[in-house]
Structures are given as C-alpha cells and as structure tokens.
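Text of the file coords-v5.txt, holding compact mmCIF, C-alpha atoms:
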# COMPACT_ATOMS: atom_id res chain seq x y z
CA MET O 867 128.98 -31.28 57.04
CA GLY O 868 130.35 -31.59 60.57
CA ASP O 869 131.94 -34.95 59.77
CA ILE O 870 133.43 -33.55 56.56
CA ALA O 871 134.92 -30.57 58.37
CA LYS O 872 136.27 -32.86 61.08
CA GLY O 873 137.93 -35.03 58.45
CA VAL O 874 139.46 -32.03 56.66
CA LEU O 875 140.83 -30.71 59.93
CA GLY O 876 142.29 -34.11 60.76
CA GLY O 877 145.56 -35.55 59.55
CA ALA O 878 144.82 -34.60 55.92
CA TRP O 879 145.03 -30.91 56.87
CA SER O 880 148.70 -31.19 57.85
CA LEU O 881 149.50 -33.02 54.63
CA LEU O 882 147.59 -30.49 52.53
CA VAL O 883 148.96 -27.32 54.08
CA GLY O 884 152.39 -28.59 55.04
CA TRP O 885 153.40 -30.34 51.81
CA ILE O 886 150.89 -30.18 48.94
CA LEU O 887 150.22 -26.42 49.08
CA PRO O 888 153.88 -25.33 48.97
CA THR O 889 154.50 -27.90 46.25
CA ALA O 890 151.69 -26.34 44.20
CA LEU O 891 153.26 -22.90 44.67
CA ASN O 892 156.66 -24.16 43.54
CA LEU O 893 155.16 -25.91 40.52
CA GLY O 894 153.31 -22.71 39.66
CA VAL O 895 156.62 -20.84 39.63
CA LEU O 896 158.10 -23.63 37.52
CA ALA O 897 155.24 -23.41 35.01
CA LEU O 898 155.47 -19.62 34.69
CA ALA O 899 159.22 -19.05 34.76
CA VAL O 900 160.95 -22.22 33.60
CA ALA O 901 158.49 -24.40 31.66
CA PRO O 902 158.28 -22.13 28.55
CA SER O 903 162.04 -22.44 28.05
CA LEU O 904 162.11 -26.06 29.11
CA ARG O 905 159.55 -27.12 26.50
CA ARG O 906 161.81 -25.85 23.73
CA THR O 907 164.43 -28.46 24.51
CA ALA O 908 164.59 -31.67 22.47
CA VAL O 909 164.05 -33.93 25.48
CA ALA O 910 160.92 -32.05 26.54
CA ARG O 911 159.48 -32.14 23.02
CA ARG O 912 159.82 -35.91 22.99
CA LEU O 913 158.31 -36.40 26.44
CA TRP O 914 155.54 -33.82 26.20
CA PRO O 915 152.60 -35.15 24.17
CA ASP O 916 150.92 -33.04 21.51
CA ALA O 917 147.50 -33.52 23.05
CA ALA O 918 148.39 -32.73 26.63
CA PRO O 919 145.66 -32.38 29.26
CA GLY O 920 144.66 -28.98 30.61
CA PRO O 921 147.34 -27.10 32.54
CA MET O 922 145.23 -26.89 35.72
CA LEU O 923 144.72 -30.64 35.76
CA VAL O 924 148.43 -31.20 35.23
CA LEU O 925 149.29 -28.74 38.01
CA LEU O 926 146.81 -30.32 40.42
CA THR O 927 147.97 -33.86 39.72
CA ALA O 928 151.66 -32.96 39.88
CA SER O 929 151.14 -31.03 43.13
CA LEU O 930 149.41 -33.99 44.72
CA LEU O 931 152.02 -36.52 43.64
CA CYS O 932 155.07 -34.38 44.41
CA GLY O 933 153.56 -33.33 47.74
CA LEU O 934 153.12 -36.96 48.72
CA VAL O 935 156.70 -37.71 47.69
CA LEU O 936 158.02 -34.81 49.78
CA HIS O 937 155.92 -35.95 52.72
CA ALA O 938 157.48 -39.42 52.44
CA LEU O 939 160.95 -37.85 52.31
CA GLN O 940 160.37 -35.41 55.16
CA ASN O 941 162.72 -37.19 57.58
CA LEU O 942 165.57 -36.91 55.09
CA LEU O 943 164.79 -33.23 54.40
CA TYR O 944 164.71 -32.40 58.08
CA ARG O 945 167.90 -34.33 58.83
CA LEU O 946 169.65 -32.53 55.98
CA LEU O 947 168.55 -29.10 57.21
CA GLU O 948 169.32 -29.99 60.82
CA GLY O 949 172.84 -31.03 59.86
CA TYR O 950 172.56 -34.75 60.61
CA ALA O 951 172.46 -36.26 57.11
CA LEU O 952 174.88 -35.90 54.18
CA TRP O 953 177.11 -33.49 56.10
CA PRO O 954 180.89 -34.07 55.97
CA ALA O 955 182.46 -34.56 59.37
CA ARG O 956 184.49 -31.36 59.17
CA ALA O 957 181.46 -29.29 58.17
CA TYR O 958 179.44 -30.82 61.00
CA GLU O 959 182.13 -30.06 63.58
CA ALA O 960 182.63 -26.53 62.27
CA GLY O 961 178.89 -25.88 62.41
CA CYS O 962 178.72 -27.14 66.00
CA ARG O 963 181.62 -24.89 67.00
CA ARG O 964 179.90 -21.85 65.47
CA ALA O 965 176.63 -22.74 67.17
CA ARG O 966 178.31 -23.15 70.56
CA ALA O 967 180.07 -19.79 70.14
CA ALA O 968 176.81 -18.09 69.13
CA ARG O 969 174.95 -19.61 72.08
CA SER O 970 177.70 -18.61 74.49
CA ALA O 971 177.71 -15.03 73.17
CA LEU O 972 173.94 -14.73 73.49
CA ALA O 973 174.06 -16.14 77.02
CA ASP O 974 176.76 -13.65 78.03
CA ARG O 975 174.87 -10.72 76.51
CA THR O 976 171.61 -11.57 78.24
CA GLN O 977 173.48 -12.20 81.51
CA LEU O 978 175.18 -8.81 81.26
CA LEU O 979 171.90 -7.01 80.67
CA GLY O 980 170.39 -8.73 83.70
CA LEU O 981 173.36 -7.97 85.95
CA GLU O 982 173.48 -4.32 84.89
CA ARG O 983 169.75 -3.99 85.53
CA ARG O 984 170.22 -5.40 89.04
CA ALA O 985 173.09 -2.99 89.64
CA ARG O 986 170.97 -0.02 88.51
CA ASP O 987 168.16 -1.11 90.82
CA GLY O 988 170.56 -1.06 93.76
CA THR O 989 170.57 -4.84 94.25
CA ALA O 990 173.79 -6.06 95.80
CA LEU O 991 175.69 -8.50 93.60
CA GLY O 992 177.34 -11.52 95.10
CA PRO O 993 181.00 -12.34 94.44
CA LEU O 994 180.20 -14.74 91.61
CA ALA O 995 177.76 -12.32 89.94
CA ALA O 996 180.26 -9.46 90.26
CA ALA O 997 182.97 -11.62 88.69
CA ASP O 998 180.65 -12.52 85.81
CA LEU O 999 179.88 -8.85 85.29
CA VAL O 1000 183.57 -7.96 85.05
CA ARG O 1001 184.28 -10.92 82.76
CA VAL O 1002 181.54 -10.13 80.26
CA ARG O 1003 182.25 -6.40 80.24
CA SER O 1004 185.94 -7.03 79.48
CA ASP O 1005 185.29 -9.48 76.64
CA PRO O 1006 186.37 -7.65 73.43
CA ARG O 1007 184.31 -9.97 71.23
CA LEU O 1008 181.09 -8.70 72.80
CA ALA O 1009 181.93 -5.00 73.05
CA ARG O 1010 180.10 -3.91 69.89
CA ALA O 1011 177.06 -6.13 70.53
CA VAL O 1012 176.84 -4.97 74.15
CA ARG O 1013 176.76 -1.31 73.10
CA LYS O 1014 173.82 -2.10 70.82
CA ASP O 1015 172.09 -4.14 73.50
CA ARG O 1016 172.18 -1.23 75.94
CA ARG O 1017 170.20 0.87 73.46
CA ARG O 1018 167.56 -1.81 73.01
CA THR O 1019 164.06 -1.47 74.39
CA SER O 1020 162.58 -4.03 76.76
CA ALA O 1021 160.75 -5.71 73.89
CA GLN O 1022 163.95 -5.94 71.83
CA ARG O 1023 165.80 -7.43 74.78
CA GLY O 1024 163.04 -10.01 75.04
CA LEU O 1025 163.74 -10.98 71.43
CA LEU O 1026 167.37 -11.50 72.42
CA GLN O 1027 166.24 -13.96 75.08
CA GLU O 1028 163.98 -15.62 72.50
CA ARG O 1029 166.97 -16.23 70.25
CA LEU O 1030 168.85 -17.79 73.16
CA SER O 1031 165.89 -20.06 73.95
CA ARG O 1032 166.21 -21.62 70.47
CA TYR O 1033 169.33 -23.48 71.59
CA PRO O 1034 169.38 -26.69 73.66
CA VAL O 1035 169.99 -26.31 77.38
CA ASP O 1036 172.69 -28.98 77.29
CA PRO O 1037 175.74 -27.83 75.25
CA ALA O 1038 176.39 -31.47 74.33
CA GLN O 1039 173.13 -31.44 72.35
CA ILE O 1040 174.19 -28.57 70.07
CA ALA O 1041 173.54 -29.15 66.35
CA PRO O 1042 175.43 -27.49 63.47
CA THR O 1043 172.46 -25.50 62.12
CA ARG O 1044 169.94 -23.07 63.57
CA LEU O 1045 167.01 -25.27 62.58
CA GLY O 1046 168.69 -28.28 64.14
CA ASN O 1047 169.18 -26.43 67.43
CA ALA O 1048 165.66 -24.99 67.38
CA ILE O 1049 164.23 -28.51 67.06
CA ARG O 1050 166.73 -30.14 69.39
CA ARG O 1051 165.73 -27.79 72.24
CA PHE O 1052 162.30 -29.39 72.59
CA GLU O 1053 163.49 -32.88 71.73
CA GLU O 1054 165.64 -32.73 74.87
CA TYR O 1055 162.95 -31.07 77.03
CA GLY O 1056 161.52 -34.28 78.51
CA GLN O 1057 164.96 -35.75 79.11
CA ASN O 1058 166.27 -32.59 80.75
CA ARG O 1059 163.31 -32.01 83.07
CA TYR O 1060 162.02 -35.50 83.85
CA CYS O 1061 164.59 -37.94 82.40
CA LEU O 1062 161.78 -38.93 80.02
CA ASP O 1063 163.17 -39.85 76.60
CA THR O 1064 160.40 -38.42 74.42
CA GLN O 1065 162.17 -39.50 71.23
CA LEU O 1066 162.23 -43.13 72.33
CA LEU O 1067 158.71 -43.09 73.79
CA SER O 1068 157.16 -40.79 71.20
CA ASN O 1069 154.45 -43.21 70.07
CA GLU O 1070 153.54 -44.16 73.61
CA LEU O 1071 153.33 -40.51 74.67
CA THR O 1072 151.17 -39.36 71.77
CA GLY O 1073 148.97 -42.44 72.09
CA ALA O 1074 148.27 -41.81 75.79
CA ALA O 1075 148.10 -38.01 75.85
CA PRO O 1076 144.81 -36.14 75.29
CA ASP O 1077 143.87 -35.70 71.64
CA LYS O 1078 143.87 -31.91 71.96
CA LEU O 1079 147.53 -31.85 72.97
CA CYS O 1080 148.53 -34.16 70.13
CA ARG O 1081 146.54 -32.01 67.71
CA GLN O 1082 148.36 -28.89 68.90
CA VAL O 1083 151.72 -30.53 68.19
CA GLU O 1084 150.58 -31.61 64.73
CA LEU O 1085 149.26 -28.17 63.79
CA ALA O 1086 152.37 -26.44 65.13
CA ARG O 1087 154.59 -28.70 63.06
CA THR O 1088 152.54 -27.97 59.94
CA SER O 1089 153.88 -24.41 59.80
CA VAL O 1090 157.47 -25.67 59.88
CA ASP O 1091 156.66 -28.31 57.24
CA PHE O 1092 155.27 -25.56 54.98
CA PHE O 1093 158.47 -23.54 54.97
CA VAL O 1094 160.69 -26.63 54.68
CA ALA O 1095 158.75 -27.81 51.62
CA LEU O 1096 158.79 -24.29 50.19
CA LEU O 1097 162.55 -23.85 50.43
CA ALA O 1098 163.20 -27.37 49.13
CA GLY O 1099 160.99 -26.68 46.11
CA HIS O 1100 162.58 -23.26 45.53
CA THR O 1101 166.01 -24.87 45.48
CA ALA O 1102 164.89 -27.57 43.04
CA VAL O 1103 163.23 -25.06 40.67
CA ALA O 1104 166.28 -22.77 40.78
CA VAL O 1105 168.62 -25.65 39.95
CA LEU O 1106 166.34 -26.71 37.08
CA ALA O 1107 166.28 -23.14 35.76
CA LEU O 1108 170.08 -22.97 35.80
CA ALA O 1109 170.31 -26.39 34.13
CA THR O 1110 168.02 -25.15 31.34
CA LEU O 1111 170.28 -22.19 30.46
CA PRO O 1112 172.51 -23.98 27.88
CA ALA O 1113 169.47 -25.12 25.86
CA ALA O 1114 167.56 -21.81 26.06
CA SER O 1115 169.86 -19.06 24.83
CA ALA O 1116 166.95 -16.73 24.03
CA ASP O 1117 165.49 -16.94 27.52
CA VAL O 1118 168.63 -16.47 29.59
CA PRO O 1119 167.59 -13.24 31.38
CA PRO O 1120 164.20 -14.58 32.58
CA LEU O 1121 165.76 -17.85 33.73
CA LEU O 1122 168.57 -16.07 35.59
CA ALA O 1123 166.06 -13.74 37.21
CA ALA O 1124 163.87 -16.65 38.28
CA ALA O 1125 166.79 -18.67 39.67
CA GLY O 1126 168.28 -15.66 41.44
CA GLY O 1127 164.96 -14.64 42.97
CA LEU O 1128 164.26 -18.14 44.25
CA LEU O 1129 167.73 -18.55 45.75
CA VAL O 1130 167.36 -15.18 47.50
CA LEU O 1131 164.09 -16.36 49.06
CA VAL O 1132 165.54 -19.64 50.36
CA PRO O 1133 167.29 -18.05 53.40
CA LEU O 1134 164.07 -16.14 54.17
CA TRP O 1135 162.01 -19.36 54.28
CA TYR O 1136 164.74 -20.99 56.38
CA ARG O 1137 164.52 -18.19 58.95
CA ALA O 1138 160.74 -18.48 58.89
CA ALA O 1139 161.01 -22.22 59.57
CA VAL O 1140 163.30 -21.55 62.54
CA ALA O 1141 160.88 -18.95 63.95
CA ALA O 1142 157.92 -21.31 63.42
CA THR O 1143 159.55 -23.87 65.71
CA ASP O 1144 158.65 -21.66 68.70
CA GLU O 1145 155.01 -22.75 68.56
CA TRP O 1146 156.08 -26.36 67.95
CA ALA O 1147 158.33 -26.21 71.02
CA ALA O 1148 155.50 -24.82 73.16
CA ALA O 1149 153.17 -27.60 72.00
CA VAL O 1150 155.73 -30.33 72.74
CA ARG O 1151 156.40 -28.80 76.15
CA ALA O 1152 152.68 -28.94 76.95
CA LEU O 1153 152.51 -32.51 75.64
CA VAL O 1154 155.31 -33.63 77.95
CA ASN O 1155 154.10 -31.73 81.02
CA ALA O 1156 150.46 -32.78 80.73
CA GLY O 1157 150.95 -36.15 79.04
CA ARG O 1158 153.27 -37.75 81.59
CA LYS O 1159 150.50 -38.84 83.90
CA PRO O 1160 148.36 -40.51 81.18
CA LEU O 1161 151.54 -42.13 79.83
CA ALA O 1162 152.41 -43.55 83.25
CA GLU O 1163 148.88 -44.86 83.70
CA SER O 1164 148.88 -46.48 80.25
CA LEU O 1165 152.14 -48.25 81.18
CA GLY O 1166 150.68 -49.49 84.43
CA LEU O 1167 152.74 -47.13 86.57
CA VAL O 1168 151.97 -44.57 89.26
CA LEU O 1169 153.71 -41.19 89.25
CA PRO O 1170 155.70 -40.68 92.47
CA LYS O 1171 155.04 -37.57 94.54
CA GLU O 1172 158.71 -36.54 94.57
CA LEU O 1173 160.24 -35.17 91.38
CA ALA O 1174 163.52 -36.98 92.02
CA GLU O 1175 161.66 -40.30 92.27
CA GLU O 1176 159.77 -39.52 89.07
CA ARG O 1177 163.04 -38.87 87.25
CA ARG O 1178 164.33 -42.26 88.46
CA MET O 1179 161.16 -43.93 87.23
CA TRP O 1180 161.35 -42.46 83.73
CA THR O 1181 165.04 -43.33 83.55
CA LEU O 1182 164.16 -46.97 84.23
CA VAL O 1183 161.31 -46.88 81.70
CA SER O 1184 163.61 -45.47 79.03
CA ARG O 1185 166.26 -48.10 79.72
CA PHE O 1186 163.62 -50.84 79.67
CA SER O 1187 162.56 -49.74 76.17
CA ARG O 1188 166.06 -49.16 74.83
CA ILE O 1189 168.12 -52.16 75.98
CA PRO O 1190 167.42 -55.90 76.23
CA PHE O 1191 165.75 -57.16 79.38
CA HIS O 1192 167.90 -57.51 82.48
CA GLU O 1193 167.11 -58.49 86.01
CA ARG O 1194 167.81 -54.93 87.12
CA ALA O 1195 164.59 -53.94 85.36
CA SER O 1196 162.75 -55.31 88.38
CA ALA O 1197 163.48 -51.93 90.00
CA LEU O 1198 160.38 -50.75 88.12
CA ASP O 1199 158.20 -52.90 90.41
CA ARG O 1200 158.13 -50.20 93.07
CA TYR O 1201 156.34 -47.84 90.63
CA ARG O 1202 153.84 -50.32 89.18
CA ALA O 1203 150.17 -49.82 89.94
CA ALA O 1204 148.30 -52.40 91.98
CA PRO O 1205 146.49 -54.94 89.78
Could you render the structure from this file as structure tokens?
Amino acid sequence: MGDIAKGVLGGAWSLLVGWILPTALNLGVLALAVAPSLRRTAVARRLWPDAAPGPMLVLLTASLLCGLVLHALQNLLYRLLEGYALWPARAYEAGCRRARAARSALADRTQLLGLERRARDGTALGPLAAADLVRVRSDPRLARAVRKDRRRTSAQRGLLQERLSRYPVDPAQIAPTRLGNAIRRFEEYGQNRYCLDTQLLSNELTGAAPDKLCRQVELARTSVDFFVALLAGHTAVAVLALATLPAASADVPPLLAAAGGLLVLVPLWYRAAVAATDEWAAAVRALVNAGRKPLAESLGLVLPKELAEERRMWTLVSRFSRIPFHERASALDRYRAAP
C-alpha cells in the first residue's frame, strides 16, 4: 500500500488533479447542459451510435483522453493566457502599457502609505523621501485610491503589497496580462538575485535540487494548472453551447443560461489562477535559494564566498549554455572544483 500511495502522490497526481479532474467537471457540465440539445442535431444522430456504452464509462474515457490532450497543450494554453502567443502586436503593447501603469500606481500607493506611517511615527524624512511624498500626494490619478488606502486596516494594506509583489521587479520583464506577470516574477527571480538563468538551466536545477523542493514546485503548479484547465474547458463548453443554438430552437433558454453562467465564471477562475501563483512563486524561490549549491556541485563548480563573485559565475554558466563555445569560457576555470 505504501508503494501504491507513493506512486499516486508522484507525477500522476499533478496530471490527475491539474488536468483530468477539471476536464471531468467540464464534461459533466457539457453532458448536463449541452448534450441533450446537441444530440438532437442531425450530425450528432449520425455520429452517436444507437447502442452507446454507459454514460459513466463515456465520461471517464473522455475525461482521461481530453485531460491528456490538455496536458500536452499546456504550454500553448499558458502562453496564450500570459499574452505571449496569438496576441496581435498592438494588443500586446497595450497590455504591457496597462500593466506598467498598474504596477507604478500600486508602487506609489504602497510607498505613500509607508512614508505617511514614518511621518506619523516622528521619523525624519530625507530630501528624496520628502520629495516622493509630495509627488505621490499631488498625483490626481491616485487621489481616490489613496483616500481608500488610508481607511484600510493593516491586513488590507498587506494585501495591497501582495498585489504589487505579483509583478516582476524589472519593468522590462512586464507581460500584458496579470497571469503573465504573476508567473514572470518568479521566472526572473534567479536572474535578478544571482544572475542564474533558471529558465535556461531549469532541467539542471530540478535534477540537482533535493526531491522535496522539486515536489513542492510541482504541487504548487498543480493548483494553477487546475484553474487554467477549468477556464479553458468552460470557454470551450460555452462556445459549443452557443454554436448549438441555431439547431436547438426549443432549448434556447437553457443553452443561453449555461453559456452565460460559464462565461461569468471564467474571470473568477482566472483570478484564482493568478492568486494560486503565490504558492508556486514561493516554491520556485526556495528551489533557487536552496538548489544553487547542489547545482554548482553537479556542474563541477564551487560556490564563491562573495555574492558578487557568485553572480559572475552564474553569468558565465548561463552564457556557456546559451551560446556556442568561445575561448572566453575559460573564465569558468577559476570556479571549477579540484578533480
């Protein structure tokens, strides 16, 4: 039983909970709300056999197959929701401008709250801090939000900081969507802190890091996968319900209600996916912080004592993996472990 439980809690668990379970839920909605009207169409009557297998067997089989297909297409789904794939150039640029403006506004609001708290505590503000205080207070775009922020409790102000933390530190890394920024913030963590390109060295890092850290990252991502698969399925079922309307005149109200309800839930699942990235970001942060040393050892390197030297080392390692070999790569010799 221990081996069985270990196998269930392995990689199959992420596939089951992240992709197959939400697919089963979406297919259940399809069977209850859309399938009765869909089976009355001429195409469905031709495709659907008279002696069809039991509905539970069909649902189970379809959930398994569609879940595997979604799992194979996960990169495309994520890139679409992050704003990297199938986005027109103008829409991408407009989304990035909105995201930069939202990040800047959140940063100014949190900065103002901090400066006003220091002023209330009697802490003397330096010239730069005093200038920032005047600048943010005089910004008409923030006046209404600032009035609300001043009435917030400490816990609510912490949530404001949490929203700001879902953006990348580097403004050049801003993505056009909230999910894209929430994911990009931990994709840039290793590069920002240690000059370690975790995207380029992802396989090396997860292969060298302790299994517990890798498992934490996998489980944290499963929650995001669940909501991504759920909203993708909701969108597909809603579109199918709307496409069925011309051939199902008698069932128009139920189909409209089903499509409308699913489309209303899509933004909710999107927000849930963005919030679920917090745990994923924490797991990736732990993986980078605690996995650097095993990674260096697996590459035959020794971590320098100085942080600046470590950043130089990871920069050289990233370049060595990204570009063709050059004689300048011999600069890595100073960090290599003794044979």
Neighbour residues at most 12 Å from (167.8, -35.1, 79.0) (all atoms listed in the file) as a ChimeraX atom specification: /O:1034-1039,1050-1066,1177,1180-1181,1184
Using the selection just defined, write its residues with C-alpha atoms as a short mmCIF file (atom, residue, chain, number, x, y, z; two decimals), in the coordinates of the input.
data_model
loop_
_atom_site.label_atom_id
_atom_site.label_comp_id
_atom_site.auth_asym_id
_atom_site.auth_seq_id
_atom_site.Cartn_x
_atom_site.Cartn_y
_atom_site.Cartn_z
CA PRO O 1034 169.38 -26.69 73.66
CA VAL O 1035 169.99 -26.31 77.38
CA ASP O 1036 172.69 -28.98 77.29
CA PRO O 1037 175.74 -27.83 75.25
CA ALA O 1038 176.39 -31.47 74.33
CA GLN O 1039 173.13 -31.44 72.35
CA ARG O 1050 166.73 -30.14 69.39
CA ARG O 1051 165.73 -27.79 72.24
CA PHE O 1052 162.30 -29.39 72.59
CA GLU O 1053 163.49 -32.88 71.73
CA GLU O 1054 165.64 -32.73 74.87
CA TYR O 1055 162.95 -31.07 77.03
CA GLY O 1056 161.52 -34.28 78.51
CA GLN O 1057 164.96 -35.75 79.11
CA ASN O 1058 166.27 -32.59 80.75
CA ARG O 1059 163.31 -32.01 83.07
CA TYR O 1060 162.02 -35.50 83.85
CA CYS O 1061 164.59 -37.94 82.40
CA LEU O 1062 161.78 -38.93 80.02
CA ASP O 1063 163.17 -39.85 76.60
CA THR O 1064 160.40 -38.42 74.42
CA GLN O 1065 162.17 -39.50 71.23
CA LEU O 1066 162.23 -43.13 72.33
CA ARG O 1177 163.04 -38.87 87.25
CA TRP O 1180 161.35 -42.46 83.73
CA THR O 1181 165.04 -43.33 83.55
CA SER O 1184 163.61 -45.47 79.03
#
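Near region 930-936 of chain O, within 9 Å and counting only C-alpha atoms, sit Leu881, Leu882, Gly884, Trp885, Ile886, Leu887, Pro888, Thr889, Ala890, Leu925, Leu926, Thr927, Ala928, Ala938, Leu939, Gln940, Leu943 and Ala1095 of chain O; same-chain residues fewer than 2 positions away were not included.
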field: Residues within 12 Å of (174.6, -4.2, 71.3), file coords, only C-alpha atoms, listed as a ChimeraX atom specification
entry: /O:971-972,974-976,978-979,1003,1007-1019,1022-1023,1026
message: Using Å and a single decimal, report how far CA of Gly949 (chain O) sits from CA of Ala1149 (chain O).
response: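 Those two atoms sit 23.4 Å apart.
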task: Report the distance between CA of Ile1040 (chain O) and CA of Ala965 (chain O) in Å, rounded to one decimal place.
output: 7.0 Å
- prompt: So, counting all atoms listed in the file, which residue among O:Leu893, O:Thr1043, O:Asn941, O:Asp998 is closest to Ala957 (chain O)?
  reply: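 Result for the nearest residue to Ala957 (chain O): O:Thr1043.
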message: Please list as a list of chain:residue names every residue within 8 Å of Ala1139 (chain O), counting all atoms listed in the file and excluding residues in the same chain fewer than 4 positions away.
response: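 Close residues of Ala1139 (chain O): O:Leu1045, O:Ser1089, O:Val1090, O:Asp1091, O:Phe1093, O:Val1094, O:Trp1135, O:Thr1143.
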Go ahead and dump the residues you just picked, C-alpha atoms, as a compact mmCIF listing (two decimals), keeping the file's coordinate frame.
# COMPACT_ATOMS: atom_id res chain seq x y z
CA LEU O 1045 167.01 -25.27 62.58
CA SER O 1089 153.88 -24.41 59.80
CA VAL O 1090 157.47 -25.67 59.88
CA ASP O 1091 156.66 -28.31 57.24
CA PHE O 1093 158.47 -23.54 54.97
CA VAL O 1094 160.69 -26.63 54.68
CA TRP O 1135 162.01 -19.36 54.28
CA THR O 1143 159.55 -23.87 65.71
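For the pair CA of Leu1169 (chain O) and CA of Glu1193 (chain O), the interatomic distance is 22.1 Å.
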statement: Using all atoms listed in the file, the best pick from O:Trp953, O:Leu1165, O:Pro993, O:Thr1101 as closest to Ser1187 (chain O) would be O:Leu1165
Residue neighbourhood region 1127-1130 of chain O, 10 Å, only C-alpha atoms, exclusion window fewer than 5 positions, as a CSV table (one decimal) with C-alpha atoms, keeping the file's coordinate frame:
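Saved as part03.csv:
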chain,number,residue,atom,x,y,z
O,892,ASN,CA,156.7,-24.2,43.5
O,895,VAL,CA,156.6,-20.8,39.6
O,1097,LEU,CA,162.6,-23.8,50.4
O,1099,GLY,CA,161.0,-26.7,46.1
O,1100,HIS,CA,162.6,-23.3,45.5
O,1101,THR,CA,166.0,-24.9,45.5
O,1102,ALA,CA,164.9,-27.6,43.0
O,1103,VAL,CA,163.2,-25.1,40.7
O,1104,ALA,CA,166.3,-22.8,40.8
O,1105,VAL,CA,168.6,-25.6,40.0
O,1121,LEU,CA,165.8,-17.8,33.7
O,1122,LEU,CA,168.6,-16.1,35.6
O,1135,TRP,CA,162.0,-19.4,54.3
message: I need the residue nearest Glu1175 (chain O) from this list: O:Leu1198, O:Leu1153, O:Ala1123, O:Ala1048. Use only C-alpha atoms for the distance.
response: O:Leu1198
- request: Could you tell me which of O:Ala995, O:Met922, O:Ala1041, O:Ala1174 comes closest to Glu982 (chain O) if we count only C-alpha atoms?
  value: O:Ala995
How about completing region 1085-1092 of chain O with all heavy atoms and giving it to me as an mmCIF file, in the coordinates of the input?
data_model
loop_
_atom_site.group_PDB
_atom_site.id
_atom_site.type_symbol
_atom_site.label_atom_id
_atom_site.label_comp_id
_atom_site.auth_asym_id
_atom_site.auth_seq_id
_atom_site.Cartn_x
_atom_site.Cartn_y
_atom_site.Cartn_z
ATOM 1 N N LEU O 1085 149.509 -29.443 64.459
ATOM 2 C CA LEU O 1085 149.260 -28.170 63.790
ATOM 3 C C LEU O 1085 150.480 -27.260 63.855
ATOM 4 O O LEU O 1085 150.788 -26.542 62.902
ATOM 5 C CB LEU O 1085 148.052 -27.472 64.407
ATOM 6 C CG LEU O 1085 146.687 -28.116 64.137
ATOM 7 C CD1 LEU O 1085 145.588 -27.365 64.869
ATOM 8 C CD2 LEU O 1085 146.395 -28.148 62.637
ATOM 9 N N ALA O 1086 151.175 -27.269 64.988
ATOM 10 C CA ALA O 1086 152.370 -26.440 65.130
ATOM 11 C C ALA O 1086 153.466 -26.895 64.174
ATOM 12 O O ALA O 1086 154.182 -26.070 63.587
ATOM 13 C CB ALA O 1086 152.870 -26.467 66.566
ATOM 14 N N ARG O 1087 153.572 -28.203 63.979
ATOM 15 C CA ARG O 1087 154.590 -28.700 63.060
ATOM 16 C C ARG O 1087 154.241 -28.370 61.605
ATOM 17 O O ARG O 1087 155.139 -28.226 60.771
ATOM 18 C CB ARG O 1087 154.756 -30.216 63.238
ATOM 19 C CG ARG O 1087 155.716 -30.807 62.234
ATOM 20 C CD ARG O 1087 156.091 -32.231 62.500
ATOM 21 N NE ARG O 1087 156.986 -32.720 61.463
ATOM 22 C CZ ARG O 1087 157.722 -33.804 61.537
ATOM 23 N NH1 ARG O 1087 157.667 -34.543 62.636
ATOM 24 N NH2 ARG O 1087 158.499 -34.181 60.552
ATOM 25 N N THR O 1088 152.955 -28.234 61.310
ATOM 26 C CA THR O 1088 152.540 -27.970 59.940
ATOM 27 C C THR O 1088 153.165 -26.690 59.401
ATOM 28 O O THR O 1088 153.558 -26.621 58.232
ATOM 29 C CB THR O 1088 151.009 -27.885 59.862
ATOM 30 O OG1 THR O 1088 150.448 -29.136 60.278
ATOM 31 C CG2 THR O 1088 150.544 -27.597 58.442
ATOM 32 N N SER O 1089 153.273 -25.663 60.239
ATOM 33 C CA SER O 1089 153.880 -24.410 59.800
ATOM 34 C C SER O 1089 155.343 -24.611 59.416
ATOM 35 O O SER O 1089 155.817 -24.058 58.415
ATOM 36 C CB SER O 1089 153.770 -23.359 60.907
ATOM 37 O OG SER O 1089 152.423 -23.110 61.245
ATOM 38 N N VAL O 1090 156.072 -25.398 60.200
ATOM 39 C CA VAL O 1090 157.470 -25.670 59.880
ATOM 40 C C VAL O 1090 157.563 -26.498 58.598
ATOM 41 O O VAL O 1090 158.410 -26.245 57.737
ATOM 42 C CB VAL O 1090 158.166 -26.372 61.046
ATOM 43 C CG1 VAL O 1090 159.655 -26.527 60.774
ATOM 44 C CG2 VAL O 1090 157.956 -25.599 62.347
ATOM 45 N N ASP O 1091 156.690 -27.493 58.458
ATOM 46 C CA ASP O 1091 156.660 -28.310 57.240
ATOM 47 C C ASP O 1091 156.463 -27.433 56.003
ATOM 48 O O ASP O 1091 157.077 -27.658 54.959
ATOM 49 C CB ASP O 1091 155.538 -29.341 57.317
ATOM 50 C CG ASP O 1091 155.821 -30.437 58.332
ATOM 51 O OD1 ASP O 1091 156.985 -30.596 58.733
ATOM 52 O OD2 ASP O 1091 154.867 -31.131 58.725
ATOM 53 N N PHE O 1092 155.577 -26.449 56.118
ATOM 54 C CA PHE O 1092 155.270 -25.560 54.980
ATOM 55 C C PHE O 1092 156.531 -24.870 54.485
ATOM 56 O O PHE O 1092 156.832 -24.874 53.282
ATOM 57 C CB PHE O 1092 154.215 -24.541 55.395
ATOM 58 C CG PHE O 1092 153.888 -23.533 54.331
ATOM 59 C CD1 PHE O 1092 152.930 -23.815 53.366
ATOM 60 C CD2 PHE O 1092 154.535 -22.311 54.287
ATOM 61 C CE1 PHE O 1092 152.623 -22.891 52.377
ATOM 62 C CE2 PHE O 1092 154.246 -21.381 53.300
ATOM 63 C CZ PHE O 1092 153.281 -21.675 52.346
#
